[in-house]
file final-v5.cif (mmCIF, C-alpha atoms and all ligand atoms)
data_protein
loop_
_atom_site.group_PDB
_atom_site.id
_atom_site.type_symbol
_atom_site.label_atom_id
_atom_site.label_comp_id
_atom_site.auth_asym_id
_atom_site.auth_seq_id
_atom_site.Cartn_x
_atom_site.Cartn_y
_atom_site.Cartn_z
ATOM 1 C CA MET A 7 -11.973 7.581 -24.017
ATOM 2 C CA LEU A 8 -9.725 5.398 -21.836
ATOM 3 C CA LEU A 9 -12.470 3.001 -20.719
ATOM 4 C CA LYS A 10 -14.690 2.870 -23.812
ATOM 5 C CA GLY A 11 -16.341 -0.549 -24.082
ATOM 6 C CA LYS A 12 -15.268 -1.538 -20.556
ATOM 7 C CA LYS A 13 -17.620 -2.611 -17.784
ATOM 8 C CA GLY A 14 -17.030 -2.346 -14.066
ATOM 9 C CA ILE A 15 -18.499 -2.691 -10.596
ATOM 10 C CA ILE A 16 -17.826 -0.095 -7.923
ATOM 11 C CA PHE A 17 -18.260 -1.005 -4.245
ATOM 12 C CA GLY A 18 -18.266 1.769 -1.637
ATOM 13 C CA VAL A 19 -20.112 4.845 -2.883
ATOM 14 C CA ALA A 20 -21.806 6.282 0.220
ATOM 15 C CA ASN A 21 -22.205 9.863 -1.045
ATOM 16 C CA GLU A 22 -20.592 12.504 -3.271
ATOM 17 C CA HIS A 23 -17.534 12.695 -0.999
ATOM 18 C CA SER A 24 -16.711 8.985 -1.257
ATOM 19 C CA LEU A 25 -13.433 8.121 -2.965
ATOM 20 C CA ALA A 26 -15.403 5.463 -4.855
ATOM 21 C CA TRP A 27 -17.643 8.208 -6.258
ATOM 22 C CA HIS A 28 -14.644 10.137 -7.590
ATOM 23 C CA ILE A 29 -13.301 7.014 -9.297
ATOM 24 C CA ALA A 30 -16.786 6.203 -10.634
ATOM 25 C CA GLN A 31 -17.123 9.693 -12.142
ATOM 26 C CA GLN A 32 -13.763 9.453 -13.910
ATOM 27 C CA ALA A 33 -14.632 5.969 -15.210
ATOM 28 C CA HIS A 34 -18.018 7.180 -16.468
ATOM 29 C CA GLU A 35 -16.510 10.214 -18.198
ATOM 30 C CA GLN A 36 -14.072 7.889 -19.961
ATOM 31 C CA GLY A 37 -16.836 5.704 -21.374
ATOM 32 C CA ALA A 38 -17.173 2.837 -18.874
ATOM 33 C CA GLU A 39 -20.486 1.089 -18.213
ATOM 34 C CA LEU A 40 -20.934 0.851 -14.443
ATOM 35 C CA LEU A 41 -22.832 -0.904 -11.666
ATOM 36 C CA LEU A 42 -22.672 0.481 -8.123
ATOM 37 C CA SER A 43 -23.033 -1.599 -4.965
ATOM 38 C CA VAL A 44 -24.178 -0.357 -1.538
ATOM 39 C CA ALA A 45 -24.150 -2.029 1.877
ATOM 40 C CA SER A 46 -27.876 -2.002 2.585
ATOM 41 C CA GLU A 47 -31.302 -0.865 1.437
ATOM 42 C CA ARG A 48 -30.962 2.111 3.809
ATOM 43 C CA PHE A 49 -28.430 3.718 1.455
ATOM 44 C CA LEU A 50 -30.385 3.218 -1.768
ATOM 45 C CA ARG A 51 -32.207 6.530 -1.365
ATOM 46 C CA ARG A 52 -28.923 8.449 -1.199
ATOM 47 C CA VAL A 53 -26.898 6.482 -3.754
ATOM 48 C CA GLY A 54 -29.749 5.767 -6.221
ATOM 49 C CA PRO A 55 -29.710 9.323 -7.671
ATOM 50 C CA LEU A 56 -25.896 9.215 -7.926
ATOM 51 C CA ALA A 57 -26.101 5.935 -9.853
ATOM 52 C CA GLU A 58 -28.627 7.556 -12.209
ATOM 53 C CA ARG A 59 -26.128 10.308 -12.988
ATOM 54 C CA LEU A 60 -23.777 7.587 -14.253
ATOM 55 C CA ASN A 61 -26.507 5.641 -16.103
ATOM 56 C CA ALA A 62 -25.695 2.778 -13.735
ATOM 57 C CA GLY A 63 -29.284 1.732 -13.000
ATOM 58 C CA GLN A 64 -30.393 0.651 -9.541
ATOM 59 C CA PRO A 65 -27.453 -0.001 -7.136
ATOM 60 C CA ILE A 66 -26.936 -3.593 -6.040
ATOM 61 C CA ILE A 67 -27.196 -4.279 -2.333
ATOM 62 C CA CYS A 68 -24.269 -6.213 -0.849
ATOM 63 C CA ASP A 69 -23.174 -6.364 2.768
ATOM 64 C CA VAL A 70 -19.647 -7.643 2.227
ATOM 65 C CA SER A 71 -19.446 -9.096 5.747
ATOM 66 C CA SER A 72 -21.805 -11.888 4.634
ATOM 67 C CA ASP A 73 -20.783 -14.663 2.221
ATOM 68 C CA GLY A 74 -24.476 -15.269 1.495
ATOM 69 C CA ASP A 75 -25.011 -11.626 0.577
ATOM 70 C CA ILE A 76 -21.946 -11.625 -1.689
ATOM 71 C CA LYS A 77 -23.235 -14.747 -3.503
ATOM 72 C CA ARG A 78 -26.722 -13.282 -3.899
ATOM 73 C CA ALA A 79 -25.370 -9.911 -5.069
ATOM 74 C CA PHE A 80 -23.175 -11.585 -7.684
ATOM 75 C CA GLU A 81 -26.138 -13.541 -9.056
ATOM 76 C CA GLU A 82 -27.766 -10.171 -9.712
ATOM 77 C CA ILE A 83 -24.515 -8.703 -11.058
ATOM 78 C CA ARG A 84 -24.041 -11.673 -13.448
ATOM 79 C CA ALA A 85 -27.583 -11.220 -14.761
ATOM 80 C CA ARG A 86 -26.984 -7.526 -15.445
ATOM 81 C CA MET A 87 -23.299 -7.618 -16.400
ATOM 82 C CA PRO A 88 -22.055 -11.140 -17.310
ATOM 83 C CA GLU A 89 -18.456 -10.008 -17.917
ATOM 84 C CA VAL A 90 -16.451 -7.291 -16.196
ATOM 85 C CA ASP A 91 -13.232 -5.409 -16.897
ATOM 86 C CA PHE A 92 -12.734 -3.862 -13.483
ATOM 87 C CA ILE A 93 -13.824 -3.907 -9.857
ATOM 88 C CA VAL A 94 -13.239 -1.081 -7.383
ATOM 89 C CA HIS A 95 -13.282 -2.009 -3.682
ATOM 90 C CA ALA A 96 -13.525 1.163 -1.561
ATOM 91 C CA ILE A 97 -14.868 -0.309 1.659
ATOM 92 C CA ALA A 98 -13.626 -0.105 5.234
ATOM 93 C CA THR A 99 -15.058 -0.126 8.713
ATOM 94 C CA ALA A 100 -13.915 -0.360 12.335
ATOM 95 C CA LYS A 101 -15.456 0.282 15.735
ATOM 96 C CA ARG A 102 -15.319 3.985 16.547
ATOM 97 C CA ASP A 103 -13.685 3.164 19.923
ATOM 98 C CA ASP A 104 -10.834 1.455 18.106
ATOM 99 C CA LEU A 105 -9.986 4.593 16.111
ATOM 100 C CA GLN A 106 -8.740 6.507 19.130
ATOM 101 C CA GLY A 107 -6.498 5.847 22.124
ATOM 102 C CA ARG A 108 -4.083 2.903 22.131
ATOM 103 C CA PHE A 109 -3.887 0.162 19.509
ATOM 104 C CA LEU A 110 -3.022 -2.170 22.385
ATOM 105 C CA ASP A 111 -6.575 -1.824 23.687
ATOM 106 C CA THR A 112 -8.217 -3.143 20.495
ATOM 107 C CA SER A 113 -10.780 -5.826 21.333
ATOM 108 C CA ARG A 114 -10.876 -9.245 19.635
ATOM 109 C CA ASP A 115 -14.232 -8.293 18.092
ATOM 110 C CA GLY A 116 -12.941 -4.950 16.849
ATOM 111 C CA PHE A 117 -9.836 -6.543 15.344
ATOM 112 C CA SER A 118 -11.943 -9.142 13.607
ATOM 113 C CA LEU A 119 -14.519 -6.646 12.275
ATOM 114 C CA ALA A 120 -11.883 -4.321 10.797
ATOM 115 C CA HIS A 121 -10.087 -7.185 9.039
ATOM 116 C CA ASP A 122 -13.275 -8.902 7.880
ATOM 117 C CA VAL A 123 -14.971 -5.886 6.282
ATOM 118 C CA SER A 124 -11.937 -3.859 5.224
ATOM 119 C CA THR A 125 -9.605 -6.622 4.036
ATOM 120 C CA PHE A 126 -11.165 -10.060 3.569
ATOM 121 C CA SER A 127 -14.050 -8.571 1.591
ATOM 122 C CA PHE A 128 -11.610 -7.630 -1.201
ATOM 123 C CA VAL A 129 -10.504 -11.262 -1.434
ATOM 124 C CA ALA A 130 -14.095 -12.532 -1.214
ATOM 125 C CA ILE A 131 -15.587 -10.326 -3.931
ATOM 126 C CA SER A 132 -12.600 -10.812 -6.249
ATOM 127 C CA ARG A 133 -12.875 -14.609 -5.909
ATOM 128 C CA GLU A 134 -16.615 -14.482 -6.550
ATOM 129 C CA ALA A 135 -15.971 -12.387 -9.676
ATOM 130 C CA GLU A 136 -13.133 -14.594 -10.961
ATOM 131 C CA ASN A 137 -15.101 -16.322 -13.731
ATOM 132 C CA MET A 138 -16.543 -13.044 -14.980
ATOM 133 C CA LEU A 139 -13.227 -11.217 -15.391
ATOM 134 C CA ARG A 140 -12.120 -10.516 -18.944
ATOM 135 C CA PRO A 141 -8.402 -10.818 -19.789
ATOM 136 C CA GLY A 142 -6.721 -7.518 -18.920
ATOM 137 C CA ALA A 143 -9.194 -6.882 -16.085
ATOM 138 C CA SER A 144 -8.150 -4.634 -13.213
ATOM 139 C CA LEU A 145 -9.003 -5.000 -9.511
ATOM 140 C CA LEU A 146 -8.445 -1.934 -7.348
ATOM 141 C CA THR A 147 -8.654 -1.266 -3.621
ATOM 142 C CA LEU A 148 -7.941 1.734 -1.363
ATOM 143 C CA THR A 149 -5.397 1.829 1.434
ATOM 144 C CA TYR A 150 -3.669 4.393 3.668
ATOM 145 C CA LEU A 151 -0.193 5.221 5.001
ATOM 146 C CA GLY A 152 -1.211 3.763 8.396
ATOM 147 C CA ALA A 153 -0.463 0.352 6.825
ATOM 148 C CA VAL A 154 3.262 1.030 6.880
ATOM 149 C CA ARG A 155 3.665 3.708 9.606
ATOM 150 C CA ALA A 156 2.190 4.006 13.084
ATOM 151 C CA VAL A 157 -0.369 6.795 12.578
ATOM 152 C CA PRO A 158 -1.912 7.910 15.899
ATOM 153 C CA SER A 159 -5.574 6.814 16.253
ATOM 154 C CA TYR A 160 -5.604 4.891 12.948
ATOM 155 C CA ASN A 161 -4.687 1.835 15.023
ATOM 156 C CA VAL A 162 -6.482 -1.376 14.027
ATOM 157 C CA MET A 163 -7.385 0.068 10.634
ATOM 158 C CA GLY A 164 -3.656 0.461 9.903
ATOM 159 C CA VAL A 165 -3.117 -3.194 10.731
ATOM 160 C CA ALA A 166 -6.065 -4.169 8.509
ATOM 161 C CA LYS A 167 -4.631 -2.011 5.695
ATOM 162 C CA ALA A 168 -1.237 -3.748 6.087
ATOM 163 C CA SER A 169 -3.069 -7.034 5.565
ATOM 164 C CA LEU A 170 -4.939 -5.526 2.601
ATOM 165 C CA GLU A 171 -1.672 -4.422 0.972
ATOM 166 C CA ALA A 172 -0.186 -7.902 1.449
ATOM 167 C CA SER A 173 -3.401 -9.356 -0.011
ATOM 168 C CA VAL A 174 -2.925 -7.157 -3.101
ATOM 169 C CA ARG A 175 0.470 -8.773 -3.699
ATOM 170 C CA TYR A 176 -0.752 -12.353 -3.175
ATOM 171 C CA MET A 177 -3.833 -11.734 -5.317
ATOM 172 C CA ALA A 178 -1.686 -10.181 -8.064
ATOM 173 C CA ASN A 179 0.376 -13.381 -8.082
ATOM 174 C CA ASP A 180 -2.732 -15.619 -8.196
ATOM 175 C CA PHE A 181 -4.556 -13.611 -10.886
ATOM 176 C CA GLY A 182 -1.483 -12.743 -12.958
ATOM 177 C CA PRO A 183 -1.516 -15.858 -15.200
ATOM 178 C CA SER A 184 -5.053 -14.913 -16.332
ATOM 179 C CA GLY A 185 -3.868 -11.427 -17.267
ATOM 180 C CA VAL A 186 -5.808 -9.857 -14.391
ATOM 181 C CA ARG A 187 -4.092 -7.015 -12.502
ATOM 182 C CA VAL A 188 -4.527 -6.175 -8.800
ATOM 183 C CA ASN A 189 -3.443 -2.836 -7.304
ATOM 184 C CA ALA A 190 -4.139 -0.393 -4.500
ATOM 185 C CA ILE A 191 -4.124 3.372 -4.176
ATOM 186 C CA SER A 192 -2.754 4.679 -0.898
ATOM 187 C CA ALA A 193 -4.667 7.939 -0.621
ATOM 188 C CA GLY A 194 -3.797 10.906 1.563
ATOM 189 C CA PRO A 195 -6.533 12.127 3.943
ATOM 190 C CA VAL A 196 -9.737 13.245 2.194
ATOM 191 C CA LYS A 197 -12.817 14.271 4.199
ATOM 192 C CA THR A 198 -15.368 11.467 3.832
ATOM 193 C CA LEU A 199 -17.864 9.774 6.134
ATOM 194 C CA SER A 200 -15.466 7.016 7.226
ATOM 195 C CA ALA A 201 -12.421 9.268 7.497
ATOM 196 C CA SER A 202 -14.109 11.691 9.876
ATOM 197 C CA VAL A 203 -14.580 8.858 12.401
ATOM 198 C CA VAL A 204 -10.786 8.655 12.949
ATOM 199 C CA LYS A 205 -9.872 10.809 15.959
ATOM 200 C CA GLY A 206 -7.653 13.761 14.981
ATOM 201 C CA PHE A 207 -8.524 13.461 11.276
ATOM 202 C CA LYS A 208 -8.478 17.264 10.860
ATOM 203 C CA ASP A 209 -4.925 17.407 12.261
ATOM 204 C CA LYS A 210 -3.811 14.919 9.611
ATOM 205 C CA VAL A 211 -5.312 17.143 6.897
ATOM 206 C CA ASP A 212 -3.703 20.291 8.350
ATOM 207 C CA ILE A 213 -0.285 18.633 8.623
ATOM 208 C CA GLN A 214 -0.358 17.226 5.104
ATOM 209 C CA GLN A 215 -1.100 20.674 3.706
ATOM 210 C CA VAL A 216 2.177 22.087 4.982
ATOM 211 C CA ALA A 217 4.320 18.961 5.027
ATOM 212 C CA ALA A 218 3.622 17.374 1.637
ATOM 213 C CA PRO A 219 6.021 18.237 -1.198
ATOM 214 C CA LEU A 220 3.104 19.627 -3.245
ATOM 215 C CA ARG A 221 2.082 21.840 -0.237
ATOM 216 C CA ARG A 222 -1.586 20.955 -0.506
ATOM 217 C CA ASN A 223 -4.073 18.289 0.441
ATOM 218 C CA VAL A 224 -4.956 15.519 -1.915
ATOM 219 C CA THR A 225 -8.423 15.813 -3.466
ATOM 220 C CA GLY A 226 -11.046 13.244 -4.377
ATOM 221 C CA GLU A 227 -10.381 14.149 -7.990
ATOM 222 C CA ASP A 228 -6.660 13.309 -7.593
ATOM 223 C CA VAL A 229 -7.665 9.871 -6.327
ATOM 224 C CA GLY A 230 -10.276 9.466 -9.070
ATOM 225 C CA LYS A 231 -7.751 10.206 -11.809
ATOM 226 C CA ALA A 232 -5.164 7.785 -10.380
ATOM 227 C CA GLY A 233 -7.936 5.189 -10.144
ATOM 228 C CA LEU A 234 -8.758 5.758 -13.800
ATOM 229 C CA PHE A 235 -5.098 5.136 -14.709
ATOM 230 C CA LEU A 236 -4.962 1.840 -12.821
ATOM 231 C CA LEU A 237 -8.284 0.649 -14.261
ATOM 232 C CA SER A 238 -7.283 1.512 -17.820
ATOM 233 C CA ASP A 239 -4.933 -0.183 -20.285
ATOM 234 C CA MET A 240 -2.513 2.697 -19.615
ATOM 235 C CA ALA A 241 -1.484 0.605 -16.578
ATOM 236 C CA SER A 242 -1.323 -2.688 -18.536
ATOM 237 C CA GLY A 243 2.070 -3.608 -17.051
ATOM 238 C CA VAL A 244 1.284 -2.588 -13.462
ATOM 239 C CA THR A 245 0.192 -5.158 -10.891
ATOM 240 C CA GLY A 246 0.725 -5.841 -7.179
ATOM 241 C CA GLU A 247 1.500 -2.152 -6.631
ATOM 242 C CA ILE A 248 0.565 0.334 -3.933
ATOM 243 C CA LEU A 249 0.358 3.719 -5.676
ATOM 244 C CA TYR A 250 0.632 6.665 -3.278
ATOM 245 C CA VAL A 251 -1.711 9.515 -4.156
ATOM 246 C CA ASP A 252 -0.919 11.854 -1.279
ATOM 247 C CA CYS A 253 0.857 14.863 -2.797
ATOM 248 C CA GLY A 254 4.114 13.120 -1.878
ATOM 249 C CA TYR A 255 3.564 13.156 1.901
ATOM 250 C CA ASN A 256 4.782 9.566 2.371
ATOM 251 C CA ILE A 257 8.323 10.339 1.125
ATOM 252 C CA MET A 258 9.022 12.878 3.870
ATOM 253 C CA ALA A 259 11.133 11.868 6.861
ATOM 254 C CA ASP A 260 10.628 14.930 9.016
ATOM 255 C CA PHE A 261 8.436 17.956 8.414
ATOM 256 C CA ILE A 262 8.811 19.672 11.794
ATOM 257 C CA THR A 263 11.950 21.512 10.696
ATOM 258 C CA ARG A 264 10.614 22.792 7.380
ATOM 259 C CA GLU A 265 11.781 26.371 6.885
ATOM 260 C CA ASP A 266 9.553 27.722 4.088
HETATM 261 P P1 LIG A 301 -16.857 6.396 2.622
HETATM 262 O O1 LIG A 301 -17.380 7.323 1.620
HETATM 263 O O2 LIG A 301 -17.453 6.416 3.974
HETATM 264 O O3 LIG A 301 -16.870 4.934 2.007
HETATM 265 C C1 LIG A 301 -16.745 3.762 2.803
HETATM 266 C C2 LIG A 301 -17.683 2.761 2.224
HETATM 267 O O4 LIG A 301 -17.561 1.498 2.897
HETATM 268 C C3 LIG A 301 -19.131 3.199 2.372
HETATM 269 O O5 LIG A 301 -19.736 3.195 1.105
HETATM 270 C C4 LIG A 301 -19.715 2.117 3.267
HETATM 271 O O6 LIG A 301 -21.043 1.815 2.928
HETATM 272 C C5 LIG A 301 -18.855 0.942 2.885
HETATM 273 N N1 LIG A 301 -19.042 -0.175 3.814
HETATM 274 C C6 LIG A 301 -18.745 -0.227 5.140
HETATM 275 N N2 LIG A 301 -19.120 -1.426 5.650
HETATM 276 C C7 LIG A 301 -19.633 -2.147 4.613
HETATM 277 C C8 LIG A 301 -20.188 -3.442 4.474
HETATM 278 N N3 LIG A 301 -20.282 -4.301 5.503
HETATM 279 N N4 LIG A 301 -20.639 -3.853 3.247
HETATM 280 C C9 LIG A 301 -20.553 -3.027 2.187
HETATM 281 N N5 LIG A 301 -20.044 -1.782 2.250
HETATM 282 C C10 LIG A 301 -19.601 -1.341 3.450
HETATM 283 O O7 LIG A 301 -15.288 6.650 2.880
HETATM 284 P P2 LIG A 301 -14.009 6.684 1.924
HETATM 285 O O8 LIG A 301 -13.031 7.511 2.653
HETATM 286 O O9 LIG A 301 -14.376 7.016 0.537
HETATM 287 O O10 LIG A 301 -13.496 5.176 2.018
HETATM 288 C C11 LIG A 301 -13.281 4.355 0.887
HETATM 289 C C12 LIG A 301 -11.977 3.597 1.054
HETATM 290 O O11 LIG A 301 -10.880 4.519 0.963
HETATM 291 C C13 LIG A 301 -11.821 2.883 2.388
HETATM 292 O O12 LIG A 301 -11.178 1.647 2.187
HETATM 293 C C14 LIG A 301 -10.909 3.816 3.154
HETATM 294 O O13 LIG A 301 -10.181 3.162 4.180
HETATM 295 C C15 LIG A 301 -10.004 4.259 2.019
HETATM 296 N N6 LIG A 301 -9.198 5.453 2.298
HETATM 297 C C16 LIG A 301 -9.789 6.620 2.636
HETATM 298 C C17 LIG A 301 -9.003 7.738 2.885
HETATM 299 C C18 LIG A 301 -9.625 9.038 3.278
HETATM 300 O O14 LIG A 301 -8.919 9.900 3.812
HETATM 301 N N7 LIG A 301 -10.883 9.269 3.024
HETATM 302 C C19 LIG A 301 -7.604 7.654 2.780
HETATM 303 C C20 LIG A 301 -7.035 6.447 2.415
HETATM 304 C C21 LIG A 301 -7.829 5.347 2.171
HETATM 305 P P3 LIG A 301 -22.224 2.417 3.854
HETATM 306 O O15 LIG A 301 -21.995 3.884 3.987
HETATM 307 O O16 LIG A 301 -23.393 2.043 3.022
HETATM 308 O O17 LIG A 301 -22.076 1.661 5.139
#

call {"tool": "encode", "arguments": {"input": "final-v5.cif", "output": "structure tokens"}}
result
Amino acid sequence: MLLKGKKGIIFGVANEHSLAWHIAQQAHEQGAELLLSVASERFLRRVGPLAERLNAGQPIICDVSSDGDIKRAFEEIRARMPEVDFIVHAIATAKRDDLQGRFLDTSRDGFSLAHDVSTFSFVAISREAENMLRPGASLLTLTYLGAVRAVPSYNVMGVAKASLEASVRYMANDFGPSGVRVNAISAGPVKTLSASVVKGFKDKVDIQQVAAPLRRNVTGEDVGKAGLFLLSDMASGVTGEILYVDCGYNIMADFITRED
């Protein structure tokens, strides 16, 4: 049991397809005690039964775009779980209009929203949790290849992910002296609620299937297992890293000329 005796909070389970759910399942199977957090009361009905399956009790409501909500949520978290060994941040949002067409046309509001919810929230919740983190704790977020390549339609979310990846490195440096690790998984395309909002998402899935070295799409389970590794002591010497879990797609230079 890789996480026996460890406690963690998982932000970003929307349903059974969520990457956060796959990580939560792996963590639960390996003995972790969990709390789940959802954005609003509206999602309690859907996520409540999932939390029950993990013996995680009632999910905590936290809209990460509000400092007040983060403070209030952490008061509840502290009462239920005074110390934590890991936090998973699997949260992102952008205006639908900004996930198609030209990046150049991104509005100021859209730019700000994507960075606030998808990037700053990782900094904000990690800072709020700082005094609760046990030595050896692990903070984990989720990113995508669009952070380092221009992926059509991913646009402002790619720029927010670039900022998230840089935040991982700065946070790893800040938290390192306390023995706390900070990492990200860069996942290949997996069909989830948020992913299906990106225009041309299905094309990305189809391309990965033929172009990736493993000749298949990444699954939620692949991401869950990599998450488990980074949360566990198996990754005790790993911090500030972006771990690609994409069947190797990111290493390819050109897949148009593939012959097999
Ligand atoms: P998902 O199931 O739709 O999860 C996204 C989560 O973000 C939802 O639980 C959503 O909560 C939450 N969220 C959005 N705004 C929020 C707010 N203001 N406060 C609190 N929570 C908020 O999609 P997912 O694909 O698993 O996404 C998880 C992470 O993986 C994201 O960072 C995403 O960019 C990343 N990622 C996904 C893929 C992919 O192909 N799926 C690939 C690489 C990286 P509500 O539903 O309650 O609003």

call {"tool": "closest_residue", "arguments": {"input": "final-v5.cif", "among": "A:Ile66, A:Leu119, A:Ala190, A:Leu249", "to": "Met177 (chain A)", "atoms": "only C-alpha atoms"}}
result
A:Ala190

call {"tool": "residues_near_ligand", "arguments": {"input": "final-v5.cif", "ligand": "ligand LIG 301 (chain A)", "cutoff": "6 Å", "atoms": "all atoms listed in the file", "output": "PyMOL selection string"}}
result
chain A and resi 18-20+23-26+44-45+49+68-71+96-99+123+148-150+192-201

call {"tool": "write_last_selection", "arguments": {"input": "final-v5.cif", "atoms": "C-alpha atoms", "output": "compact mmCIF listing (two decimals), in the frame of the given file"}}
result
# COMPACT_ATOMS: atom_id res chain seq x y z
CA GLY A 18 -18.27 1.77 -1.64
CA VAL A 19 -20.11 4.84 -2.88
CA ALA A 20 -21.81 6.28 0.22
CA HIS A 23 -17.53 12.70 -1.00
CA SER A 24 -16.71 8.98 -1.26
CA LEU A 25 -13.43 8.12 -2.96
CA ALA A 26 -15.40 5.46 -4.86
CA VAL A 44 -24.18 -0.36 -1.54
CA ALA A 45 -24.15 -2.03 1.88
CA PHE A 49 -28.43 3.72 1.46
CA CYS A 68 -24.27 -6.21 -0.85
CA ASP A 69 -23.17 -6.36 2.77
CA VAL A 70 -19.65 -7.64 2.23
CA SER A 71 -19.45 -9.10 5.75
CA ALA A 96 -13.52 1.16 -1.56
CA ILE A 97 -14.87 -0.31 1.66
CA ALA A 98 -13.63 -0.10 5.23
CA THR A 99 -15.06 -0.13 8.71
CA VAL A 123 -14.97 -5.89 6.28
CA LEU A 148 -7.94 1.73 -1.36
CA THR A 149 -5.40 1.83 1.43
CA TYR A 150 -3.67 4.39 3.67
CA SER A 192 -2.75 4.68 -0.90
CA ALA A 193 -4.67 7.94 -0.62
CA GLY A 194 -3.80 10.91 1.56
CA PRO A 195 -6.53 12.13 3.94
CA VAL A 196 -9.74 13.24 2.19
CA LYS A 197 -12.82 14.27 4.20
CA THR A 198 -15.37 11.47 3.83
CA LEU A 199 -17.86 9.77 6.13
CA SER A 200 -15.47 7.02 7.23
CA ALA A 201 -12.42 9.27 7.50

call {"tool": "atom_distance", "arguments": {"input": "final-v5.cif", "atom1": "CA of Gly37 (chain A)", "atom2": "CA of Ile67 (chain A)"}}
result
23.9 Å

call {"tool": "resolve_selection", "arguments": {"input": "final-v5.cif", "expression": "the PyMOL selection byres (((chain A and resi 64) around 10) and not hetatm)", "output": "MDAnalysis selection string"}}
result
chainID A and resid 41:43 50 53:58 61:63 65:67

call {"tool": "resolve_selection", "arguments": {"input": "final-v5.cif", "expression": "the PyMOL selection byres (((chain A and resi 104) around 12) and not hetatm)", "output": "number ranges by chain"}}
result
A: 99-103, 105-120, 158-165, 203-205

call {"tool": "axis_aligned_box", "arguments": {"input": "final-v5.cif", "around": "region 219-230 of chain A", "padding_each_side": "3 Å", "output": "lines of an AutoDock Vina configuration file"}}
result
center_x = -2.5
center_y = 15.7
center_z = -4.3
size_x = 23.1
size_y = 18.4
size_z = 15.5

call {"tool": "closest_residue", "arguments": {"input": "final-v5.cif", "among": "A:Lys167, A:His28, A:Arg175, A:Arg155", "to": "Ala259 (chain A)", "atoms": "only C-alpha atoms"}}
result
A:Arg155

call {"tool": "atom_distance", "arguments": {"input": "final-v5.cif", "atom1": "CA of Phe80 (chain A)", "atom2": "CA of Leu9 (chain A)"}}
result
22.3 Å

call {"tool": "residues_around", "arguments": {"input": "final-v5.cif", "residues": "Thr245 (chain A)", "least_positions_apart": "5", "cutoff": "8 Å", "atoms": "only C-alpha atoms", "output": "ChimeraX atom specification"}}
result
/A:178,187-189

call {"tool": "write_last_selection", "arguments": {"input": "final-v5.cif", "atoms": "C-alpha atoms", "output": "tab-separated table (two decimals), in the coordinates of the input"}}
result
chain	number	residue	atom	x	y	z
A	178	ALA	CA	-1.69	-10.18	-8.06
A	187	ARG	CA	-4.09	-7.02	-12.50
A	188	VAL	CA	-4.53	-6.18	-8.80
A	189	ASN	CA	-3.44	-2.84	-7.30

call {"tool": "atom_distance", "arguments": {"input": "final-v5.cif", "atom1": "CA of Val157 (chain A)", "atom2": "CA of Val229 (chain A)"}}
result
20.5 Å

call {"tool": "resolve_selection", "arguments": {"input": "final-v5.cif", "expression": "the PyMOL selection byres (((chain A and resi 92) around 8) and not hetatm)", "output": "ChimeraX atom specification"}}
result
/A:12-15,90-91,93-94,139,143-146,237

call {"tool": "closest_residue", "arguments": {"input": "final-v5.cif", "among": "A:Lys10, A:His34, A:Arg221, A:Arg140", "to": "Met87 (chain A)", "atoms": "only C-alpha atoms"}}
result
A:Arg140

call {"tool": "closest_residue", "arguments": {"input": "final-v5.cif", "among": "A:Thr147, A:Ser72, A:Gln31, A:Asn21", "to": "Glu171 (chain A)", "atoms": "all atoms listed in the file"}}
result
A:Thr147
